[in-house]
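The data block below is my_file21.cif; it holds mmCIF, C-alpha atoms.
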data_target
#
loop_
_atom_site.label_atom_id
_atom_site.label_comp_id
_atom_site.auth_asym_id
_atom_site.auth_seq_id
_atom_site.Cartn_x
_atom_site.Cartn_y
_atom_site.Cartn_z
CA MET A 1 -14.44 2.91 19.27
CA GLU A 2 -15.99 0.09 17.30
CA MET A 3 -13.59 -2.29 15.56
CA MET A 4 -14.19 -3.18 11.94
CA PHE A 5 -14.77 -6.79 10.96
CA SER A 6 -11.61 -8.43 9.67
CA THR A 7 -11.21 -11.43 7.43
CA GLU A 8 -7.62 -11.77 8.67
CA ARG A 9 -6.76 -13.74 11.79
CA PRO A 10 -4.55 -12.40 14.58
CA GLN A 11 -0.91 -13.08 13.84
CA PHE A 12 2.28 -13.70 15.72
CA TYR A 13 4.76 -11.61 13.77
CA THR A 14 8.53 -11.45 14.20
CA ALA A 15 10.82 -9.09 12.30
CA THR A 16 14.60 -9.21 12.65
CA ILE A 17 17.27 -6.65 11.86
CA LEU A 18 19.60 -7.80 9.09
CA ASN A 19 22.43 -9.99 10.45
CA TRP A 20 20.96 -9.64 13.94
CA GLN A 21 22.71 -6.29 14.36
CA PRO A 22 21.63 -4.48 17.56
CA LEU A 23 20.28 -1.46 15.67
CA LEU A 24 17.23 -1.19 17.91
CA SER A 25 19.39 -0.68 21.00
CA ASN A 26 18.87 2.98 20.21
CA ASN A 27 15.53 3.96 21.75
CA LYS A 28 14.78 6.50 19.02
CA TYR A 29 14.51 3.60 16.56
CA LYS A 30 12.19 1.75 18.92
CA ASP A 31 10.14 4.95 19.08
CA ILE A 32 9.85 4.99 15.28
CA ILE A 33 8.34 1.49 15.47
CA ILE A 34 5.95 2.57 18.25
CA LYS A 35 4.84 5.67 16.33
CA SER A 36 4.23 3.60 13.23
CA LEU A 37 2.13 1.09 15.17
CA GLN A 38 0.19 3.95 16.79
CA PHE A 39 -0.53 5.44 13.37
CA CYS A 40 -1.75 2.10 12.02
CA VAL A 41 -4.07 1.68 15.02
CA LYS A 42 -5.37 5.25 14.76
CA GLU A 43 -6.11 4.74 11.05
CA ASN A 44 -8.01 1.48 11.81
CA LYS A 45 -5.55 -0.63 9.85
CA VAL A 46 -4.65 -2.99 12.70
CA LYS A 47 -5.35 -4.07 16.26
CA VAL A 48 -2.18 -4.52 18.31
CA CYS A 49 -2.61 -7.02 21.15
CA ALA A 50 1.00 -7.41 22.28
CA PHE A 51 4.54 -6.42 21.39
CA VAL A 52 8.13 -6.31 22.51
CA ILE A 53 10.96 -4.46 20.78
CA MET A 54 14.38 -5.90 21.52
CA SER A 55 17.81 -4.71 20.34
CA ASN A 56 17.77 -6.72 17.11
CA HIS A 57 14.20 -7.93 16.60
CA MET A 58 10.59 -7.37 17.54
CA HIS A 59 7.59 -9.58 18.16
CA LEU A 60 3.97 -8.56 17.70
CA VAL A 61 0.57 -10.07 18.05
CA TRP A 62 -1.57 -8.00 15.74
CA GLN A 63 -4.59 -8.33 13.50
CA PRO A 64 -5.08 -6.46 10.23
CA LEU A 65 -8.50 -4.80 9.94
CA HIS A 66 -10.64 -4.95 6.82
CA PRO A 67 -9.87 -4.02 4.08
CA VAL A 68 -6.15 -4.22 4.97
CA THR A 69 -4.51 -7.57 4.26
CA LYS A 70 -1.66 -8.99 6.28
CA ALA A 71 0.69 -8.80 3.27
CA LYS A 72 -0.11 -5.13 2.69
CA LEU A 73 0.15 -4.26 6.39
CA GLN A 74 3.50 -6.01 6.78
CA HIS A 75 4.93 -4.46 3.63
CA HIS A 76 3.90 -0.89 4.47
CA PHE A 77 4.90 -1.17 8.13
CA MET A 78 8.35 -2.59 7.41
CA THR A 79 9.01 -0.19 4.51
CA PHE A 80 7.96 2.86 6.52
CA THR A 81 10.00 1.98 9.61
CA ALA A 82 13.08 1.16 7.50
CA GLN A 83 12.83 4.47 5.63
CA LYS A 84 12.50 6.51 8.82
CA ILE A 85 15.42 4.74 10.49
CA LYS A 86 17.58 5.12 7.34
CA GLU A 87 16.80 8.85 7.24
CA ASP A 88 18.11 9.21 10.78
CA LEU A 89 21.17 7.05 10.09
CA LYS A 90 22.08 9.16 7.03
CA LEU A 91 22.09 12.26 9.20
CA ASN A 92 23.48 10.93 12.48
CA ASN A 93 25.40 7.73 11.83
CA PRO A 94 26.35 7.19 8.17
CA LEU A 95 29.04 4.69 9.16
CA LEU A 96 26.46 2.44 10.77
CA LEU A 97 24.22 2.81 7.71
CA GLU A 98 27.13 1.49 5.60
CA THR A 99 26.92 -1.82 7.49
CA PHE A 100 23.45 -2.28 5.98
CA LYS A 101 24.63 -1.82 2.38
CA VAL A 102 23.32 -4.44 -0.05
CA ASP A 103 23.82 -5.13 -3.73
CA ALA A 104 20.23 -5.09 -4.92
CA LYS A 105 18.39 -3.56 -7.86
CA ASP A 106 15.67 -1.95 -5.76
CA ARG A 107 17.71 -0.58 -2.81
CA THR A 108 21.16 0.33 -1.55
CA ASN A 109 20.52 -0.50 2.11
CA LYS A 110 18.44 -3.09 3.87
CA LEU A 111 17.60 -2.96 7.58
CA TRP A 112 15.07 -5.74 8.03
CA LYS A 113 15.84 -9.34 7.25
CA ARG A 114 13.65 -10.64 4.43
CA ASN A 115 10.84 -13.12 5.14
CA ALA A 116 9.72 -12.09 8.59
CA LEU A 117 7.94 -14.82 10.54
CA SER A 118 4.17 -14.51 10.39
CA VAL A 119 1.97 -17.18 11.95
CA ASP A 120 -1.83 -17.02 11.98
CA LEU A 121 -3.28 -17.68 15.42
CA PHE A 122 -6.38 -19.85 15.28
CA VAL A 123 -7.16 -20.61 18.93
CA PRO A 124 -7.17 -18.42 22.06
CA GLN A 125 -4.77 -20.74 23.93
CA VAL A 126 -2.07 -20.26 21.27
CA LEU A 127 -2.71 -16.52 21.23
CA LYS A 128 -2.15 -16.39 24.99
CA GLN A 129 0.96 -18.56 24.71
CA LYS A 130 2.47 -16.20 22.11
CA ILE A 131 1.69 -13.14 24.23
CA ASP A 132 3.34 -14.80 27.25
CA TYR A 133 6.35 -15.62 25.06
CA ILE A 134 6.57 -12.00 23.88
CA HIS A 135 6.44 -10.69 27.43
CA ALA A 136 9.10 -13.14 28.65
CA ASN A 137 11.57 -11.99 25.97
CA SER A 138 12.95 -9.03 27.93
CA VAL A 139 13.42 -11.13 31.08
CA LYS A 140 15.13 -13.92 29.14
CA ALA A 141 17.49 -11.33 27.59
CA GLY A 142 18.38 -10.02 31.07
CA LEU A 143 16.92 -6.57 30.47
CA CYS A 144 14.64 -6.71 33.51
CA VAL A 145 13.51 -8.97 36.33
CA HIS A 146 9.77 -8.65 35.68
CA PRO A 147 8.29 -8.33 32.16
CA GLU A 148 6.25 -5.26 33.12
CA ASP A 149 9.48 -3.40 34.01
CA TYR A 150 10.65 -3.32 30.39
CA TYR A 151 9.31 -0.17 28.75
CA TYR A 152 9.20 -1.32 25.10
CA SER A 153 6.69 -4.06 25.74
CA SER A 154 2.98 -4.51 26.29
CA ALA A 155 3.59 -6.51 29.49
CA ARG A 156 2.78 -3.55 31.77
CA PHE A 157 -0.56 -3.15 29.99
CA TYR A 158 -1.48 -6.77 30.73
CA ASN A 159 -0.22 -6.50 34.31
CA THR A 160 -1.78 -3.14 35.28
CA GLY A 161 -4.25 -2.22 32.53
CA VAL A 162 -2.25 0.96 31.83
CA ASP A 163 -1.64 1.51 28.11
CA ASP A 164 1.33 3.89 28.01
CA PHE A 165 1.32 3.65 24.22
CA LYS A 166 -2.41 4.30 23.64
CA MET A 167 -2.64 1.60 20.98
CA LEU A 168 -3.20 -1.75 22.66
CA THR A 169 -6.21 -4.06 22.58
CA ASN A 170 -6.50 -6.66 25.34
CA TYR A 171 -7.05 -10.01 23.63
CA LEU A 172 -9.04 -11.19 26.71
CA GLU A 173 -11.67 -8.54 26.04
CA GLU A 174 -12.18 -9.57 22.42
#

Could I get this structure in the form of structure tokens?
Amino acid sequence: MEMMFSTERPQFYTATILNWQPLLSNNKYKDIIIKSLQFCVKENKVKVCAFVIMSNHMHLVWQPLHPVTKAKLQHHFMTFTAQKIKEDLKLNNPLLLETFKVDAKDRTNKLWKRNALSVDLFVPQVLKQKIDYIHANSVKAGLCVHPEDYYYSSARFYNTGVDDFKMLTNYLEE
């Protein structure tokens, strides 16, 4: 598959659950994030080079593809994942959903902390450093001994070449 030219640079992107609550400890919410990323890749909206989904935040190295801008990609991705997770919480854990209640004109609940970190990556060395940082997250948190042992991460892909998620682009091959 040929990638479309992008005017956007690869980004290191971090999104955090409001008040650092461990909402993403539930794997079905991690799976919502994965499915959303897979959709964006399939629709040629983004290249995903690396990711890790932790209990209360996620890190990505991704690159929006023309004509998608980083602002539009981030907005749609975060809105979609929040809506899907809220739908499940309404049905299966309304008490937990109450902990995300906010007093805002445009919403009653808020899952993601506002102003996610987004840093453009200009040089390959910094890109590699961010990917290494992402992959070390699960080890640092004590979830595994080796980064490739943590399922919700791209570390196994970089270690073995196996893309369990069918959405990853190896930055070394770019």

Target residues per the PyMOL selection byres ((chain A and resi 25-37) around 10), formatted as a PyMOL selection string: chain A and resi 21-24+38-43+45-48+51-58+62+76-78+80-82+84-86+88-89+152+165+167-168

Pick from A:Ala71, A:Ile131, A:Ala50, A:Ala141 nearest to Asn115 of chain A, counting all atoms listed in the file: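 That would be A:Ala71, the residue with the smallest distance to Asn115 of chain A.
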
Interatomic distance (Å, one decimal) between atom CA of Gln83 of chain A and atom CA of Asn109 of chain A: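 For atom CA of Gln83 of chain A relative to atom CA of Asn109 of chain A, the distance reads 9.8 Å.
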
Explicit residues for the PyMOL selection byres ((chain A and resi 136) around 12) (as number ranges by chain): A: 50-54, 59, 129-135, 137-150, 153-156

Nearest to Arg9 of chain A, chosen from A:Thr108, A:Thr69, A:Asn44, A:Asn93, with only C-alpha atoms counted in the distances: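 Result for the nearest residue to Arg9 of chain A: A:Thr69.
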
Please list as a PDB file with C-alpha atoms, keeping the file's coordinate frame every residue within 7 Å of Phe12 of chain A, counting only C-alpha atoms and excluding residues in the same chain fewer than 5 positions away.
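Written out: around.pdb:
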ATOM      1  CA  LEU A  60       3.970  -8.560  17.700  1.00  0.00           C
ATOM      2  CA  VAL A  61       0.570 -10.070  18.050  1.00  0.00           C
ATOM      3  CA  TRP A  62      -1.570  -8.000  15.740  1.00  0.00           C
ATOM      4  CA  SER A 118       4.170 -14.510  10.390  1.00  0.00           C
ATOM      5  CA  VAL A 119       1.970 -17.180  11.950  1.00  0.00           C
ATOM      6  CA  ASP A 120      -1.830 -17.020  11.980  1.00  0.00           C
ATOM      7  CA  LEU A 121      -3.280 -17.680  15.420  1.00  0.00           C
ATOM      8  CA  LYS A 130       2.470 -16.200  22.110  1.00  0.00           C
TER       9      LYS A 130
END

Distance in Å - atom CA of Leu65 of chain A versus atom CA of Ala15 of chain A: 19.9 Å

Point-to-point distance in Å for atom CA of Gln74 of chain A and atom CA of Thr16 of chain A: 13.0 Å

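The nearest approach to Lys70 of chain A among the residues A:Ala104, A:Val162, A:Tyr13, A:Leu18, with all atoms listed in the file taken into account, belongs to A:Tyr13.
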
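Considering only C-alpha atoms, the residue among A:Asp163, A:Lys128, A:Phe157, A:Pro94 positioned nearest to Gln11 of chain A is A:Lys128.
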
Residue nearest Val102 of chain A - candidates A:Thr14, A:Asn19, A:Thr169, A:Thr160, atoms counted: all atoms listed in the file: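 Among A:Thr14, A:Asn19, A:Thr169, A:Thr160, it is A:Asn19 that comes nearest to Val102 of chain A.
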
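Comparing A:Lys101, A:His75, A:Lys90, A:His66 by their smallest distance to Arg114 of chain A, the closest is A:His75 (using all atoms listed in the file).
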